[in-house]
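I have placed the structure first, in the form of structure tokens, so that the comments after it can refer back to it.
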Amino acid sequence: MDGAPDAAPDARGEPASRAGKWLSLSSATAERHTAAVVADRFDLMTWQDMHAQSDGLRELARELDDRHAHAADLLADTFLAAYKARPRLRRPAEMDPARLVNHQIITSLTDSPEFAALHRETAGDAYAAAMAVLAQAGALRRMLEHSGRAQEQAERAKRSLLDAEETAAAVADALRQAAHETHEDGTDAVGRAAEAAESAEDAAREAAVGAAQALGVAVPGVRAAARGAVARAAEAARNETALMRAWGVGSGELERMPFEQRARLAERLRTGRLARWAELIGRFRQMAGGERARRVENATGELIGVTLGDDLSRVLPSELAALGLPELRAVFAARYAAGELMLYDSQGEQATGRGAIIACVDTSHSMYEAGPGGITREAWAKACALALLDQARDAGRDFVGILFAAADKLQVFRFPAGRPAPVTEVLEFAESFLGGGTSYQRPLTAAAGLLEEEFDDTARARGDIVMLTDDDCGVTEEWMRDWNAAKQRLGFRVFGIAVGTPRVAEADSVLDTLCDNLRAVEDLTDVHAAADLFRVI
């Protein structure tokens with residue numbers, strides 16, 4: 001009676017000992033991740049949003065699905081590696097074995113020397129990160145081709161691991177069942193389950209070794225493809241950033257654009273009529289911004305001496321020194337009241353205007369002609385006009401672009417100060433070309449009419465008209481009388497630029513008669529020829 005209870009534990013002791021580790025394994029199976037890049041739910045929502053918006057991403061996902069069972073995870077990882085500010089990859093041991101190929105591809109991309117340059121352009125910018133995925137599509141295909149055998153082995157390792165986990169669970173079940181039994185059937189069941197588990201573990205270990213070896217063979221090809229892909233994606237991202245900056249498209253405006261709209265905009269900027277001149281446009285805008293920073297309101301021009309007056313912004317330091325002595329402060333106050341303080345005297349540049357800035361751009365056939373560096377007269381004139389648009393927006397002034405050619409050809413683009421300048425409208429202004437001959441009267445009459453309309457509505461005067469042309473043409477005496485009367489009444493100024501044709505700016509030319517300030521530009525690679533305009537307009 002006493003021996004019977006002891007017999008069962010003794011009989012089961014050896015199988016129970018063999019199966020002990022399977023009980024612990026079945027209860028402590030590590031979580032296996034399907035994503036190589038650590039991400040939170042907000043990162044994943046951003047990826048899902050981009051995937052939903054982009055036809056290109058969805059098409060790529062469908063294509064890769066045909067050759068790779070885990071393409072969706074691979075594309076998400078590629079996006080997140082580019083998008084996250086500090087992307088962190090999981091250790092291979094944390095990964096689902098079937099995703100180890102994905103992990104190796106993402107590791108190769110992020111370890112590439114060119115990845116830092118790409119990441120500077122894409123971090124935090126979901127659109128740029130998505131475009132980086134598309135830019136690397138060809139390389140992803142090649143990397144998956146290099147990894148085909150490795151993926152087969154990885155899938156086999158995954159199945160073997162699942163078998164091992166299932167047999168470990170079977171051991172645990174057998175042990176629990178044996179704990180309630182006193183006969184040898186329970187002991188035999190535990191033994192059989194343990195043997196099956198050991199066999200499955202051996203198979204899983206062998207499969208894992210095979211998968212690792214196959215992946216090792218694929219690594220050189222994957223890394224080579226990754227380096228080229230990242231370099232091309234980085235260059236594409238840099239070029240698009242520079243293109244947007246050149247055309248004055250701000251990051252805030254870009255962030256508000258849906259994916260497909262932004263992609264269409266980028267394509268239009270790359271392929272539009274003035275796409276070749278993006279660098280010129282960017283240099284013009286950068287130059288104009290620098291000149292604005294140098295501008296000093298109401299104290300402009302070349303210093304020519306000393307005069308008397310009461311303008312404290314131009315008072316000499318020696319006069320200000322009197323304020324430091326109590327006994328001279330009354331003298332300073334008396335001289336200030338009498339307008340007898342010594343001031344710096346200047347001439348040359350006038351104070352900036354307050355009415356609209358109007359750029360009249362000649363788009364007659366001759367503006368197609370190219371100058372130094374292959375830059376056309378049209379490209380130079382349009383780049384200058386876009387910089388004037390920036391100038392107006394910086395000063396809170398309306399901007400109007402008037403394209404003209406013959407008397408019957410005119411196109412007006414209005415950009416009020418009170419609302420944003422849509423990039424699509426800016427592009428339409430920049431890319432439109434009328435062709436034909438040249439007429440001064442039609443565009444200048446339209447410009448004066450717009451300034452008069454502004455004066456009547458807002459009482460703002462002192463507008464600025466900039467005439468950009470390469471041709472000379474006559475005006476009637478009657479029109480000239482009306483023009484001078486409007487100019488006197490509204491107080492606007494006229495600046496003229498003869499683009500590529502110095503003869504048009506010669507003394508006593510029609511353009512010289514019309515303009516308060518006139519210059520000729522022969523070297524169309526030189527944006528600084530118009531620099532002073534951006535200090536006085």
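Please note that chains go A, B, ... in the order of the structure tokens, that every chain numbers its residues from 1, and that ligands are numbered from 1 in the order shown.
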Write out as a VMD selection string the residues lying within 9 Å of stretch 237-248 of chain A, counting only C-alpha atoms and excluding same-chain residues fewer than 5 positions away. chain A and resid 117 to 118 121 to 122 128 to 129 131 to 132 232 254 266 269 to 270 275 278 to 286 386 390 423 426 to 427
Residue contacts of A:Pro416 (9 Å, only C-alpha atoms) excluding same-chain residues fewer than 2 positions away, as a ChimeraX atom specification: /A:356,393,396-400,414,418-421
Residues from last step as file, N, CA, C and O atoms, as a PDB file, in the first residue's frame:
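Below is the file selection_27.pdb, written as the result:
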ATOM      1  N   ALA A 356       1.032  98.641 -55.514  1.00  0.00           N
ATOM      2  CA  ALA A 356       1.355  97.332 -56.090  1.00  0.00           C
ATOM      3  C   ALA A 356       2.679  97.361 -56.845  1.00  0.00           C
ATOM      4  O   ALA A 356       3.114  98.408 -57.332  1.00  0.00           O
ATOM      5  N   ARG A 393       5.418  90.184 -51.753  1.00  0.00           N
ATOM      6  CA  ARG A 393       4.835  89.434 -50.636  1.00  0.00           C
ATOM      7  C   ARG A 393       5.574  89.751 -49.341  1.00  0.00           C
ATOM      8  O   ARG A 393       4.971  89.813 -48.264  1.00  0.00           O
ATOM      9  N   GLY A 396       4.222  93.012 -48.099  1.00  0.00           N
ATOM     10  CA  GLY A 396       2.776  93.130 -47.932  1.00  0.00           C
ATOM     11  C   GLY A 396       2.124  93.939 -49.030  1.00  0.00           C
ATOM     12  O   GLY A 396       1.098  94.598 -48.812  1.00  0.00           O
ATOM     13  N   ARG A 397       2.685  93.883 -50.236  1.00  0.00           N
ATOM     14  CA  ARG A 397       2.153  94.645 -51.368  1.00  0.00           C
ATOM     15  C   ARG A 397       1.544  93.688 -52.391  1.00  0.00           C
ATOM     16  O   ARG A 397       1.965  92.552 -52.522  1.00  0.00           O
ATOM     17  N   ASP A 398       0.537  94.181 -53.118  1.00  0.00           N
ATOM     18  CA  ASP A 398      -0.019  93.398 -54.208  1.00  0.00           C
ATOM     19  C   ASP A 398       1.031  93.225 -55.297  1.00  0.00           C
ATOM     20  O   ASP A 398       1.913  94.074 -55.481  1.00  0.00           O
ATOM     21  N   PHE A 399       0.918  92.119 -56.037  1.00  0.00           N
ATOM     22  CA  PHE A 399       1.789  91.907 -57.195  1.00  0.00           C
ATOM     23  C   PHE A 399       0.912  91.568 -58.386  1.00  0.00           C
ATOM     24  O   PHE A 399      -0.072  90.833 -58.277  1.00  0.00           O
ATOM     25  N   VAL A 400       1.289  92.139 -59.535  1.00  0.00           N
ATOM     26  CA  VAL A 400       0.597  91.829 -60.786  1.00  0.00           C
ATOM     27  C   VAL A 400       1.644  91.505 -61.835  1.00  0.00           C
ATOM     28  O   VAL A 400       2.625  92.240 -62.007  1.00  0.00           O
ATOM     29  N   ARG A 414      -2.957  88.311 -61.252  1.00  0.00           N
ATOM     30  CA  ARG A 414      -3.002  89.141 -60.044  1.00  0.00           C
ATOM     31  C   ARG A 414      -2.755  88.278 -58.807  1.00  0.00           C
ATOM     32  O   ARG A 414      -3.357  87.213 -58.645  1.00  0.00           O
ATOM     33  N   GLY A 418      -3.228  89.937 -49.664  1.00  0.00           N
ATOM     34  CA  GLY A 418      -4.014  89.366 -48.575  1.00  0.00           C
ATOM     35  C   GLY A 418      -4.255  87.878 -48.642  1.00  0.00           C
ATOM     36  O   GLY A 418      -4.887  87.312 -47.759  1.00  0.00           O
ATOM     37  N   ARG A 419      -3.775  87.209 -49.681  1.00  0.00           N
ATOM     38  CA  ARG A 419      -3.977  85.760 -49.752  1.00  0.00           C
ATOM     39  C   ARG A 419      -2.714  85.097 -50.298  1.00  0.00           C
ATOM     40  O   ARG A 419      -1.909  85.749 -50.965  1.00  0.00           O
ATOM     41  N   PRO A 420      -2.541  83.813 -50.035  1.00  0.00           N
ATOM     42  CA  PRO A 420      -1.353  83.118 -50.546  1.00  0.00           C
ATOM     43  C   PRO A 420      -1.329  83.116 -52.070  1.00  0.00           C
ATOM     44  O   PRO A 420      -2.371  83.238 -52.724  1.00  0.00           O
ATOM     45  N   ALA A 421      -0.129  82.981 -52.608  1.00  0.00           N
ATOM     46  CA  ALA A 421       0.024  82.892 -54.056  1.00  0.00           C
ATOM     47  C   ALA A 421       0.075  81.412 -54.432  1.00  0.00           C
ATOM     48  O   ALA A 421       1.108  80.769 -54.241  1.00  0.00           O
TER      49      ALA A 421
END
Between atom CA of A:Asp66 and atom CA of A:Arg142, what is the distance in Å, rounded to a tenth? 14.0 Å
Pick out the closest residue to A:Ala130 from this set: A:Arg462, A:His146, A:His51, A:Lys409. Count only C-alpha atoms. A:His51
So that I can see what lies close to A:Leu144, please list as an MDAnalysis selection string the residues with an atom at most 9 Å from it, counting only C-alpha atoms and leaving out residues fewer than 6 positions away in the same chain. chainID A and resid 64 67:68 101:102 105 151 222
Counting only C-alpha atoms, what is within 7 Å of stretch 370-379 of chain A, bar same-chain residues fewer than 2 positions away, as a ChimeraX atom specification? /A:274,277,363,367-368,381-383,499-500,523-525
Mind writing the picked residues with C-alpha atoms as a JSON list (two decimals), in the first residue's frame?
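Okay, part.json is ready:
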[["chain", "number", "residue", "atom", "x", "y", "z"],
["A", 274, "LEU", "CA", 11.06, 76.77, -67.59],
["A", 277, "TRP", "CA", 15.99, 77.45, -65.58],
["A", 363, "THR", "CA", 6.80, 87.58, -74.45],
["A", 367, "MET", "CA", 12.45, 86.79, -76.22],
["A", 368, "TYR", "CA", 13.19, 83.17, -77.18],
["A", 381, "ALA", "CA", 12.89, 88.14, -67.41],
["A", 382, "LYS", "CA", 10.59, 85.55, -65.81],
["A", 383, "ALA", "CA", 13.16, 84.82, -63.08],
["A", 499, "VAL", "CA", 17.13, 92.24, -71.66],
["A", 500, "GLY", "CA", 19.97, 91.28, -73.99],
["A", 523, "ASP", "CA", 25.13, 88.81, -69.54],
["A", 524, "LEU", "CA", 22.05, 86.74, -68.81],
["A", 525, "THR", "CA", 23.95, 84.53, -66.38]]
List the neighbours of A:Ala395 out to 12 Å using only C-alpha atoms; skip same-chain residues closer than 6 positions along the sequence, and give me the result as a PyMOL selection string. chain A and resi 289+292-293+295+297+352-357+388-389+416-418+534-537
Selection above as a file: C-alpha atoms, as a short mmCIF file (atom, residue, chain, number, x, y, z; two decimals), in the first residue's frame:
data_model
loop_
_atom_site.label_atom_id
_atom_site.label_comp_id
_atom_site.auth_asym_id
_atom_site.auth_seq_id
_atom_site.Cartn_x
_atom_site.Cartn_y
_atom_site.Cartn_z
CA GLY A 289 16.38 88.08 -50.50
CA ARG A 292 16.10 92.99 -49.04
CA ALA A 293 18.15 92.25 -45.95
CA ARG A 295 17.78 97.62 -47.54
CA GLU A 297 13.98 102.32 -45.40
CA THR A 352 10.43 102.12 -51.42
CA GLY A 353 6.91 102.26 -52.81
CA ARG A 354 3.69 101.21 -51.13
CA GLY A 355 1.30 100.46 -53.98
CA ALA A 356 1.35 97.33 -56.09
CA ILE A 357 4.45 96.01 -57.81
CA LEU A 388 9.65 90.69 -57.70
CA LEU A 389 6.67 88.56 -56.64
CA PRO A 416 -3.17 90.14 -53.91
CA ALA A 417 -1.15 90.61 -50.74
CA GLY A 418 -4.01 89.37 -48.58
CA PHE A 534 15.42 95.02 -54.80
CA ARG A 535 16.74 97.71 -52.48
CA VAL A 536 14.52 100.47 -53.84
CA ILE A 537 11.32 98.63 -54.86
#
